[in-house]
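**Student:** Sharing query-v2.tsv (TSV, C-alpha atoms) below.
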chain	number	residue	atom	x	y	z
N	100	MET	CA	89.12	86.78	113.03
N	101	ALA	CA	89.39	85.12	109.62
N	102	GLN	CA	88.74	81.42	109.81
N	103	LEU	CA	91.68	79.19	108.95
N	104	PRO	CA	91.15	77.09	105.82
N	105	ILE	CA	91.01	73.31	106.11
N	106	PRO	CA	94.43	71.79	105.30
N	107	THR	CA	94.59	69.62	102.19
N	108	ALA	CA	97.69	67.80	103.42
N	109	GLU	CA	100.10	67.52	106.35
N	110	LEU	CA	103.86	67.26	106.23
N	111	GLN	CA	105.59	65.47	109.10
N	112	ARG	CA	108.97	66.85	110.15
N	113	PRO	CA	111.78	64.91	111.90
N	114	ASP	CA	111.33	66.73	115.24
N	115	GLY	CA	107.63	65.91	115.42
N	116	ALA	CA	106.24	69.13	113.95
N	117	ARG	CA	103.31	68.79	111.55
N	118	LEU	CA	103.03	71.40	108.82
N	119	ALA	CA	99.55	72.19	107.48
N	120	LEU	CA	99.52	72.56	103.68
N	121	TYR	CA	96.86	74.15	101.48
N	122	VAL	CA	97.27	73.18	97.82
N	123	ASP	CA	95.23	74.62	94.94
N	124	GLY	CA	95.57	74.22	91.20
N	125	PRO	CA	95.89	71.58	88.50
N	126	ALA	CA	97.50	68.15	88.66
N	127	ASP	CA	99.78	69.05	85.70
N	128	PRO	CA	101.02	72.58	86.47
N	129	ASP	CA	103.65	74.53	84.57
N	130	LEU	CA	104.73	76.33	87.76
N	131	VAL	CA	104.53	75.73	91.51
N	132	LEU	CA	104.01	78.83	93.67
N	133	VAL	CA	104.99	78.33	97.32
N	134	MET	CA	103.90	81.08	99.74
N	135	ALA	CA	105.37	81.60	103.23
N	136	HIS	CA	103.62	83.98	105.67
N	137	GLY	CA	105.02	86.19	108.41
N	138	TRP	CA	105.32	86.20	112.18
N	139	GLN	CA	102.05	85.81	114.13
N	140	ALA	CA	100.16	85.26	110.85
N	141	ALA	CA	98.93	82.18	108.96
N	142	ALA	CA	98.47	80.97	105.39
N	143	SER	CA	95.04	82.62	105.36
N	144	VAL	CA	96.66	86.02	104.69
N	145	PHE	CA	97.06	84.83	101.08
N	146	ASN	CA	93.43	83.70	100.62
N	147	GLU	CA	92.43	86.58	98.33
N	148	HIS	CA	95.53	86.24	96.17
N	149	VAL	CA	94.79	82.56	95.57
N	150	ARG	CA	91.28	83.47	94.41
N	151	HIS	CA	92.35	86.23	92.04
N	152	LEU	CA	95.67	85.07	90.58
N	153	PRO	CA	94.96	84.71	86.83
N	154	ARG	CA	97.14	81.67	86.26
N	155	PRO	CA	95.05	78.48	85.87
N	156	ARG	CA	98.12	76.31	85.23
N	157	THR	CA	99.88	77.29	88.45
N	158	ARG	CA	99.83	75.04	91.51
N	159	ILE	CA	99.57	77.30	94.55
N	160	VAL	CA	100.97	75.95	97.81
N	161	ARG	CA	100.37	77.83	101.04
N	162	TYR	CA	101.42	76.45	104.38
N	163	ASP	CA	101.32	77.46	108.01
N	164	GLN	CA	104.82	77.98	109.36
N	165	ARG	CA	105.53	75.76	112.35
N	166	GLY	CA	103.96	77.09	115.53
N	167	HIS	CA	101.45	79.15	113.50
N	168	GLY	CA	97.95	78.44	112.23
N	169	ASN	CA	97.24	74.71	112.04
N	170	SER	CA	100.93	73.71	112.20
N	171	THR	CA	102.51	72.46	115.42
N	172	ASN	CA	105.79	73.62	116.93
N	173	GLY	CA	107.76	70.40	117.16
N	174	ARG	CA	110.61	69.80	119.59
N	175	ALA	CA	113.30	71.91	117.91
N	176	LEU	CA	114.09	75.38	119.22
N	177	PRO	CA	112.62	78.22	117.10
N	178	SER	CA	115.05	79.51	114.46
N	179	ILE	CA	114.92	80.84	110.92
N	180	PRO	CA	117.29	78.10	109.65
N	181	LEU	CA	114.71	75.59	110.93
N	182	LEU	CA	112.01	77.32	108.88
N	183	ALA	CA	114.29	77.19	105.83
N	184	ASP	CA	114.58	73.41	106.21
N	185	ASP	CA	110.79	73.23	106.48
N	186	LEU	CA	110.47	75.20	103.25
N	187	LYS	CA	112.90	72.85	101.51
N	188	ALA	CA	110.71	69.92	102.59
N	189	VAL	CA	107.56	71.66	101.33
N	190	ILE	CA	109.20	72.21	97.93
N	191	ALA	CA	110.24	68.56	97.71
N	192	ALA	CA	106.74	67.37	98.62
N	193	THR	CA	104.76	69.63	96.30
N	194	ALA	CA	107.01	70.30	93.29
N	195	PRO	CA	108.45	66.94	92.18
N	196	GLY	CA	110.74	66.43	89.22
N	197	PRO	CA	111.66	69.35	86.96
N	198	LEU	CA	108.72	71.59	87.91
N	199	PRO	CA	109.97	75.18	88.40
N	200	VAL	CA	109.18	76.89	91.70
N	201	LEU	CA	108.41	80.51	92.54
N	202	LEU	CA	108.95	81.33	96.22
N	203	VAL	CA	106.97	84.13	97.87
N	204	GLY	CA	107.76	85.26	101.40
N	205	HIS	CA	106.27	88.05	103.48
N	206	SER	CA	108.19	89.36	106.53
N	207	MET	CA	109.31	86.22	108.44
N	208	GLY	CA	108.38	84.25	105.33
N	209	GLY	CA	110.82	86.34	103.33
N	210	MET	CA	113.51	85.63	105.93
N	211	THR	CA	112.72	81.95	105.45
N	212	VAL	CA	113.27	82.25	101.69
N	213	LEU	CA	116.54	84.12	102.21
N	214	ALA	CA	117.73	81.51	104.70
N	215	LEU	CA	116.88	78.78	102.17
N	216	ALA	CA	119.07	80.53	99.58
N	217	ALA	CA	121.89	80.69	102.16
N	218	GLN	CA	121.60	77.09	103.39
N	219	HIS	CA	120.65	75.33	100.15
N	220	PRO	CA	122.07	77.44	97.30
N	221	HIS	CA	121.98	74.46	94.91
N	222	LEU	CA	118.19	74.87	94.73
N	223	ILE	CA	118.44	78.41	93.38
N	224	GLY	CA	118.36	78.38	89.60
N	225	ASP	CA	117.93	74.64	89.12
N	226	LYS	CA	114.67	74.37	91.09
N	227	VAL	CA	113.70	77.84	92.29
N	228	THR	CA	113.47	80.07	89.22
N	229	ALA	CA	112.21	83.33	90.78
N	230	VAL	CA	111.52	84.90	94.18
N	231	LEU	CA	109.19	87.58	95.57
N	232	LEU	CA	110.31	89.11	98.87
N	233	ALA	CA	107.80	91.38	100.63
N	234	ALA	CA	108.52	93.59	103.65
N	235	THR	CA	111.50	91.56	104.78
N	236	THR	CA	115.20	91.66	105.64
N	237	ALA	CA	118.42	89.68	105.45
N	238	GLY	CA	119.26	90.67	109.03
N	239	GLY	CA	119.99	93.53	111.37
N	240	LEU	CA	116.71	93.75	113.30
N	241	ASP	CA	118.27	93.52	116.77
N	242	LEU	CA	118.78	97.12	117.92
N	243	ALA	CA	120.26	96.04	121.26
N	244	THR	CA	123.68	95.33	119.78
N	245	ALA	CA	126.65	97.61	120.38
N	246	ALA	CA	126.64	98.72	116.72
N	247	HIS	CA	123.60	100.97	117.32
N	248	PRO	CA	123.49	104.39	119.01
N	249	PRO	CA	122.26	104.62	122.63
N	250	LEU	CA	118.62	105.51	121.90
N	251	GLN	CA	118.20	102.63	119.47
N	252	ARG	CA	119.93	100.27	121.90
N	253	LEU	CA	117.44	101.32	124.58
N	254	ILE	CA	114.57	100.49	122.22
N	255	GLY	CA	116.20	97.15	121.41
N	256	LEU	CA	116.66	96.27	125.06
N	257	SER	CA	113.01	97.12	125.76
N	258	ARG	CA	111.96	94.69	123.04
N	259	HIS	CA	114.05	91.94	124.59
N	260	ALA	CA	112.40	92.72	127.94
N	261	MET	CA	108.93	92.56	126.37
N	262	ALA	CA	109.74	89.18	124.80
N	263	ALA	CA	110.83	87.87	128.20
N	264	PHE	CA	107.58	89.19	129.74
N	265	CYS	CA	105.53	87.35	127.10
N	266	ILE	CA	107.40	84.10	127.74
N	267	TYR	CA	107.21	84.15	131.54
N	268	ALA	CA	103.81	85.90	131.97
N	269	PRO	CA	101.81	84.80	128.92
N	270	GLY	CA	98.35	85.46	130.43
N	271	PRO	CA	98.66	89.23	130.97
N	272	ALA	CA	100.74	89.58	127.79
N	273	HIS	CA	97.99	87.93	125.74
N	274	HIS	CA	95.37	90.42	126.96
N	275	ILE	CA	97.67	93.34	126.16
N	276	ARG	CA	98.26	92.02	122.64
N	277	GLU	CA	94.53	91.71	121.97
N	278	LEU	CA	93.98	95.29	123.12
N	279	VAL	CA	96.94	96.90	121.37
N	280	ARG	CA	97.39	94.90	118.16
N	281	PRO	CA	94.37	92.74	117.29
N	282	ARG	CA	94.71	90.83	114.02
N	283	PRO	CA	92.00	89.61	111.61
N	284	TYR	CA	93.42	86.05	111.74
N	285	THR	CA	94.34	83.48	114.36
N	286	GLN	CA	97.65	84.15	116.14
N	287	PRO	CA	99.96	81.70	117.96
N	288	PRO	CA	100.09	81.67	121.78
N	289	ILE	CA	101.91	84.75	123.02
N	290	ASP	CA	104.80	82.84	124.63
N	291	HIS	CA	105.40	80.90	121.40
N	292	ALA	CA	105.24	84.14	119.42
N	293	ALA	CA	107.87	85.69	121.73
N	294	ARG	CA	110.27	82.80	121.14
N	295	TRP	CA	109.85	83.26	117.40
N	296	PHE	CA	110.42	87.00	117.84
N	297	ARG	CA	113.79	86.20	119.39
N	298	ALA	CA	114.54	84.04	116.36
N	299	LEU	CA	113.80	87.00	114.08
N	300	LEU	CA	116.31	89.12	115.98
N	301	ARG	CA	119.01	86.45	115.53
N	302	HIS	CA	118.39	86.18	111.78
N	303	ASP	CA	121.38	87.33	109.70
N	304	VAL	CA	122.20	85.93	106.25
N	305	ALA	CA	123.24	89.20	104.60
N	306	GLN	CA	126.59	87.78	103.48
N	307	GLN	CA	125.22	84.43	102.30
N	308	ILE	CA	122.60	85.15	99.64
N	309	GLY	CA	124.81	85.37	96.56
N	310	ALA	CA	122.93	82.47	94.94
N	311	LEU	CA	119.94	84.74	94.36
N	312	ALA	CA	121.92	86.60	91.68
N	313	ARG	CA	121.17	83.62	89.41
N	314	ILE	CA	117.42	84.35	89.19
N	315	PRO	CA	114.93	87.23	88.97
N	316	VAL	CA	114.09	88.58	92.44
N	317	HIS	CA	111.21	90.99	93.05
N	318	ILE	CA	111.38	93.06	96.25
N	319	LEU	CA	108.18	94.71	97.52
N	320	VAL	CA	108.23	97.27	100.34
N	321	GLY	CA	105.78	99.72	101.87
N	322	GLU	CA	106.99	103.31	101.80
N	323	ASN	CA	105.95	103.77	105.46
N	324	ASP	CA	106.79	100.33	106.86
N	325	GLN	CA	107.57	100.89	110.55
N	326	THR	CA	108.13	97.21	111.38
N	327	ILE	CA	110.92	96.48	108.90
N	328	PRO	CA	111.89	99.92	107.53
N	329	PRO	CA	112.48	100.38	103.77
N	330	ILE	CA	116.25	100.62	104.29
N	331	HIS	CA	116.25	96.82	104.56
N	332	ALA	CA	114.67	96.52	101.10
N	333	LEU	CA	117.23	98.96	99.70
N	334	ARG	CA	120.05	96.86	101.12
N	335	LEU	CA	118.60	93.71	99.56
N	336	ALA	CA	118.22	95.44	96.20
N	337	ALA	CA	121.85	96.59	96.38
N	338	GLN	CA	123.07	93.10	97.23
N	339	ILE	CA	121.11	91.21	94.55
N	340	PRO	CA	122.02	92.43	91.04
N	341	THR	CA	119.03	90.64	89.44
N	342	SER	CA	116.48	92.26	91.76
N	343	ARG	CA	113.69	94.67	90.96
N	344	LEU	CA	112.46	96.99	93.71
N	345	HIS	CA	108.76	97.89	93.97
N	346	VAL	CA	107.66	100.59	96.45
N	347	VAL	CA	104.02	100.78	97.59
N	348	PRO	CA	103.28	104.51	98.12
N	349	GLY	CA	102.00	105.06	101.65
N	350	GLY	CA	102.22	101.33	102.31
N	351	GLY	CA	102.93	99.80	105.71
N	352	HIS	CA	104.12	96.35	106.74
N	353	ARG	CA	101.06	94.12	106.21
N	354	LEU	CA	101.18	94.29	102.43
N	355	PRO	CA	99.23	91.07	101.64
N	356	THR	CA	96.17	92.17	103.65
N	357	GLN	CA	96.35	95.98	103.62
N	358	HIS	CA	97.55	96.41	100.02
N	359	PRO	CA	96.25	93.27	98.26
N	360	GLU	CA	96.10	94.80	94.77
N	361	GLU	CA	99.72	95.94	94.82
N	362	PHE	CA	100.78	92.59	96.26
N	363	LEU	CA	98.86	90.71	93.56
N	364	THR	CA	100.45	92.85	90.84
N	365	ALA	CA	103.94	92.03	92.14
N	366	LEU	CA	102.93	88.37	92.37
N	367	GLU	CA	101.84	88.32	88.72
N	368	ARG	CA	105.14	89.89	87.67
N	369	ALA	CA	107.08	87.31	89.65
N	370	CYS	CA	105.08	84.48	88.05
N	371	ALA	CA	105.97	85.79	84.61
N	372	ALA	CA	109.64	86.05	85.61
N	373	ALA	CA	109.65	82.47	86.91
N	374	LEU	CA	108.88	81.09	83.44
N	375	PRO	CA	111.19	82.91	80.99
N	376	ILE	CA	111.87	81.27	77.64
N	377	ALA	CA	115.53	80.84	78.58
N	378	GLY	CA	114.48	79.17	81.82
N	379	ARG	CA	112.53	76.48	79.92
N	380	ARG	CA	115.63	75.73	77.87
N	381	LEU	CA	117.96	75.39	80.86
N	382	ARG	CA	116.89	71.84	81.58
N	383	ARG	CA	118.11	70.70	78.14
N	384	PHE	CA	121.63	72.05	78.58
N	385	GLY	CA	124.64	70.76	80.47
N	386	ARG	CA	125.98	72.37	83.65
N	387	ARG	CA	128.45	74.62	81.79
N	388	ASP	CA	125.75	75.84	79.42
N	389	ARG	CA	123.35	76.44	82.33
N	390	THR	CA	125.98	78.65	84.01
N	391	THR	CA	126.37	80.69	80.82
N	392	MET	CA	122.61	81.07	80.40
N	393	ARG	CA	122.20	82.14	84.04
N	394	SER	CA	124.83	84.85	83.58
N	395	ARG	CA	123.13	86.15	80.44
N	396	ARG	CA	119.71	86.09	82.09
N	397	ALA	CA	121.03	87.91	85.16
N	398	GLU	CA	122.53	90.63	82.96
N	399	ALA	CA	119.28	90.97	80.98
N	400	VAL	CA	117.21	91.31	84.14
N	401	ARG	CA	119.61	93.89	85.58
N	402	GLN	CA	119.57	96.03	82.42
N	403	THR	CA	115.80	95.79	81.99
N	404	HIS	CA	114.95	96.94	85.50
N	405	GLU	CA	117.73	99.45	86.15
N	406	SER	CA	115.51	102.49	85.52
N	407	ASP	CA	112.67	101.09	87.67
N	408	ASP	CA	115.07	100.56	90.57
N	409	HIS	CA	116.39	104.11	90.21
N	410	ARG	CA	112.86	105.56	90.46
N	411	ALA	CA	111.99	103.38	93.46
N	412	ARG	CA	115.16	104.31	95.33
N	413	ALA	CA	114.57	107.99	94.53
N	414	ARG	CA	111.08	107.78	96.01
N	415	LEU	CA	112.45	106.40	99.27
N	416	ARG	CA	115.29	108.91	99.47
N	417	GLN	CA	112.95	111.86	98.89
N	418	ARG	CA	110.44	110.78	101.56
N	419	PRO	CA	110.63	113.03	104.65
N	420	ARG	CA	112.06	111.04	107.55
N	421	THR	CA	110.92	111.30	111.15
N	422	ARG	CA	112.45	110.19	114.42
N	423	LYS	CA	110.04	107.25	114.38
N	424	ASP	CA	111.34	106.17	110.97
N	425	ARG	CA	114.91	106.14	112.25
N	426	THR	CA	114.25	104.05	115.34
N	427	SER	CA	111.51	101.60	114.33
N	428	VAL	CA	112.17	98.05	113.19
Let me see whether you can do it: turn the structure in this file into structure tokens.

**Tutor:**
Amino acid sequence: MAQLPIPTAELQRPDGARLALYVDGPADPDLVLVMAHGWQAAASVFNEHVRHLPRPRTRIVRYDQRGHGNSTNGRALPSIPLLADDLKAVIAATAPGPLPVLLVGHSMGGMTVLALAAQHPHLIGDKVTAVLLAATTAGGLDLATAAHPPLQRLIGLSRHAMAAFCIYAPGPAHHIRELVRPRPYTQPPIDHAARWFRALLRHDVAQQIGALARIPVHILVGENDQTIPPIHALRLAAQIPTSRLHVVPGGGHRLPTQHPEEFLTALERACAAALPIAGRRLRRFGRRDRTTMRSRRAEAVRQTHESDDHRARARLRQRPRTRKDRTSV
């Protein structure tokens, strides 16, 4: 397994959790990049991207989500809104004053970013100037609900049963996980992971992310993602008029580690989008002028990327679909 890096700082949270932070870059950056990892992962999944990102004036902030890596759980019950509050605290601690922020979230990290936009929309545009969402969703992962057909409900119920098994019989469940799905990085205890899995199933902010229409949003998805199928990326792209959809041909779910070059390319594009000329001018204008500029920027982004989105959607529609595609989450 990949060794966890040594934290450069710790952030204490009100419920007793301690978040491990890994900060790289200059003392006087022009942009702060905050990266949130996924479920059962750690900040180390972004190690290679930190080394190869060609932006010497960017401060790169990685952190272990609570209950993962070197971060502790705290007393609060696992939930995605809790992770969004953690992310807000990380931004406040590492990007003071008028420094613009680019948020990057993979899988559960992307859910964290979306929950931040839902819970703290005032940060979007004024502080957060661009977002990269990779292999993620705004909600709808729980197949056990009545809205799904019987076969999918059966799959959903089996996942709930597996989560309960992991919580109440962590020893055997841990051995099964190591045999079936070993990872190249340290994973949280299996019972903690199961509680976070339940939090992922409860996540639903699909009707609350309108604030993201103020900024450029890059959406990255693997063509063959069986964990969070591409339909979730299509829904996000349809909901966010300023989004740009990028499809990794043949890609799966673990984009940062299995498709690092494509992930780095999307990251470079998002960095460029986070520092548009208009964005630098926003801080000199009043609130009314900022609203006008945001509207113009949103329209420019939408027109610029309309053809790219069409090609990406066409690729996904033309891909042959299997039974596994229709029932996996």

**Student:** Between atom CA of N:Ile266 and atom CA of N:Pro288, what is the distance in Å, rounded to a tenth?

**Tutor:**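 Pair atom CA of N:Ile266 / atom CA of N:Pro288 returns 9.7 Å.
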
**Student:** Set the distance at 7 Å and use all atoms listed in the file: which residues neighbour stretch 344-352 of chain N once local chain neighbours fewer than 4 positions away are removed? I'd like the list as a list in words.

**Tutor:**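 My list of contacting residues is Ala234, His317, Ile318, Leu319, Val320, Gly321, Glu322, Asn323, Asp324, Gln325, Thr326, Ala336, Asp408 and Ala411 of chain N.
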
**Student:** Would you please work out which residue, of N:Leu152, N:Ala126, N:Ala142, N:Leu120, is nearest to N:Glu367 when using only C-alpha atoms?

**Tutor:** N:Leu152

**Student:** So which residues are close to (121.3, 90.6, 94.2), meaning at most 10 Å away in the file's coordinates with only C-alpha atoms counted, and can you show them as a list in words?

**Tutor:**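 Using only C-alpha atoms, the matching residues come out as Ile308, Gly309, Ala310, Leu311, Ala312, Arg313, Ile314, Pro315, Val316, Arg334, Leu335, Ala336, Ala337, Gln338, Ile339, Pro340, Thr341, Ser342, Arg343, Ala397 and Arg401 of chain N.
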
**Student:** Store the residues of this selection in a file with C-alpha atoms, as a PDB file, keeping the file's coordinate frame.

**Tutor:**
ATOM      1  CA  ILE N 308     122.600  85.150  99.640  1.00  0.00           C
ATOM      2  CA  GLY N 309     124.810  85.370  96.560  1.00  0.00           C
ATOM      3  CA  ALA N 310     122.930  82.470  94.940  1.00  0.00           C
ATOM      4  CA  LEU N 311     119.940  84.740  94.360  1.00  0.00           C
ATOM      5  CA  ALA N 312     121.920  86.600  91.680  1.00  0.00           C
ATOM      6  CA  ARG N 313     121.170  83.620  89.410  1.00  0.00           C
ATOM      7  CA  ILE N 314     117.420  84.350  89.190  1.00  0.00           C
ATOM      8  CA  PRO N 315     114.930  87.230  88.970  1.00  0.00           C
ATOM      9  CA  VAL N 316     114.090  88.580  92.440  1.00  0.00           C
ATOM     10  CA  ARG N 334     120.050  96.860 101.120  1.00  0.00           C
ATOM     11  CA  LEU N 335     118.600  93.710  99.560  1.00  0.00           C
ATOM     12  CA  ALA N 336     118.220  95.440  96.200  1.00  0.00           C
ATOM     13  CA  ALA N 337     121.850  96.590  96.380  1.00  0.00           C
ATOM     14  CA  GLN N 338     123.070  93.100  97.230  1.00  0.00           C
ATOM     15  CA  ILE N 339     121.110  91.210  94.550  1.00  0.00           C
ATOM     16  CA  PRO N 340     122.020  92.430  91.040  1.00  0.00           C
ATOM     17  CA  THR N 341     119.030  90.640  89.440  1.00  0.00           C
ATOM     18  CA  SER N 342     116.480  92.260  91.760  1.00  0.00           C
ATOM     19  CA  ARG N 343     113.690  94.670  90.960  1.00  0.00           C
ATOM     20  CA  ALA N 397     121.030  87.910  85.160  1.00  0.00           C
ATOM     21  CA  ARG N 401     119.610  93.890  85.580  1.00  0.00           C
TER      22      ARG N 401
END

**Student:** What does the distance from atom CA of N:Ala369 to atom CA of N:Ile159 come to in Å, to one decimal?

**Tutor:**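 Between atom CA of N:Ala369 and atom CA of N:Ile159 the gap is 13.4 Å.
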
**Student:** Hey, which bits of stretch 237-308 of chain N sit within 9 Å of stretch 208-212 of chain N, and for each residue what's the closest pair of atoms and how far apart in Å (one decimal), counting all atoms listed in the file, rows by chain and increasing number, as a tab-separated table?

**Tutor:**
residue	atom	partner	partner_atom	distance
N:Ala237	CA	N:Met210	CA	6.4
N:Gly238	CA	N:Met210	CA	8.3
N:Leu299	CA	N:Met210	CA	8.3
N:His302	CA	N:Met210	CA	7.6
N:Asp303	CA	N:Met210	CA	8.9
N:Val304	CA	N:Met210	CA	8.7

**Student:** Return the single residue from N:Ala140, N:Val131, N:Ala229, N:Leu182 that is closest to N:Arg112, with distances computed using all atoms listed in the file.

**Tutor:**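 Nearest candidate to N:Arg112 out of N:Ala140, N:Val131, N:Ala229, N:Leu182: N:Leu182.
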
**Student:** So the first atom is atom CA of N:Pro355 and the second is atom CA of N:Ala292; what is the distance between them in Å, to one decimal place?

**Tutor:**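 These two atoms are separated by 20.0 Å.
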
**Student:** So, counting all atoms listed in the file, which residue among N:Ala372, N:Leu363, N:Leu213, N:Leu300 is closest to N:Val149?

**Tutor:** N:Leu363

**Student:** For a quick check of understanding, using all atoms listed in the file, which of N:Leu110, N:Leu240, N:Val122, N:Val200 has the smallest distance to N:Asp225?

**Tutor:**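 Looking at the shortest contact to N:Asp225, the residue is N:Val200.
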
**Student:** Which polymer residues have any atom within 12 Å of an atom of N:Gly196, counting all atoms listed in the file, with same-chain residues fewer than 4 positions away left out, as a compact mmCIF listing (two decimals) with C-alpha atoms, in the coordinates of the input?

**Tutor:**
# COMPACT_ATOMS: atom_id res chain seq x y z
CA ASP N 127 99.78 69.05 85.70
CA PRO N 128 101.02 72.58 86.47
CA ASP N 129 103.65 74.53 84.57
CA LEU N 130 104.73 76.33 87.76
CA VAL N 131 104.53 75.73 91.51
CA ILE N 190 109.20 72.21 97.93
CA ALA N 191 110.24 68.56 97.71
CA ALA N 192 106.74 67.37 98.62
CA VAL N 200 109.18 76.89 91.70
CA ASP N 225 117.93 74.64 89.12
CA LYS N 226 114.67 74.37 91.09
CA ARG N 382 116.89 71.84 81.58
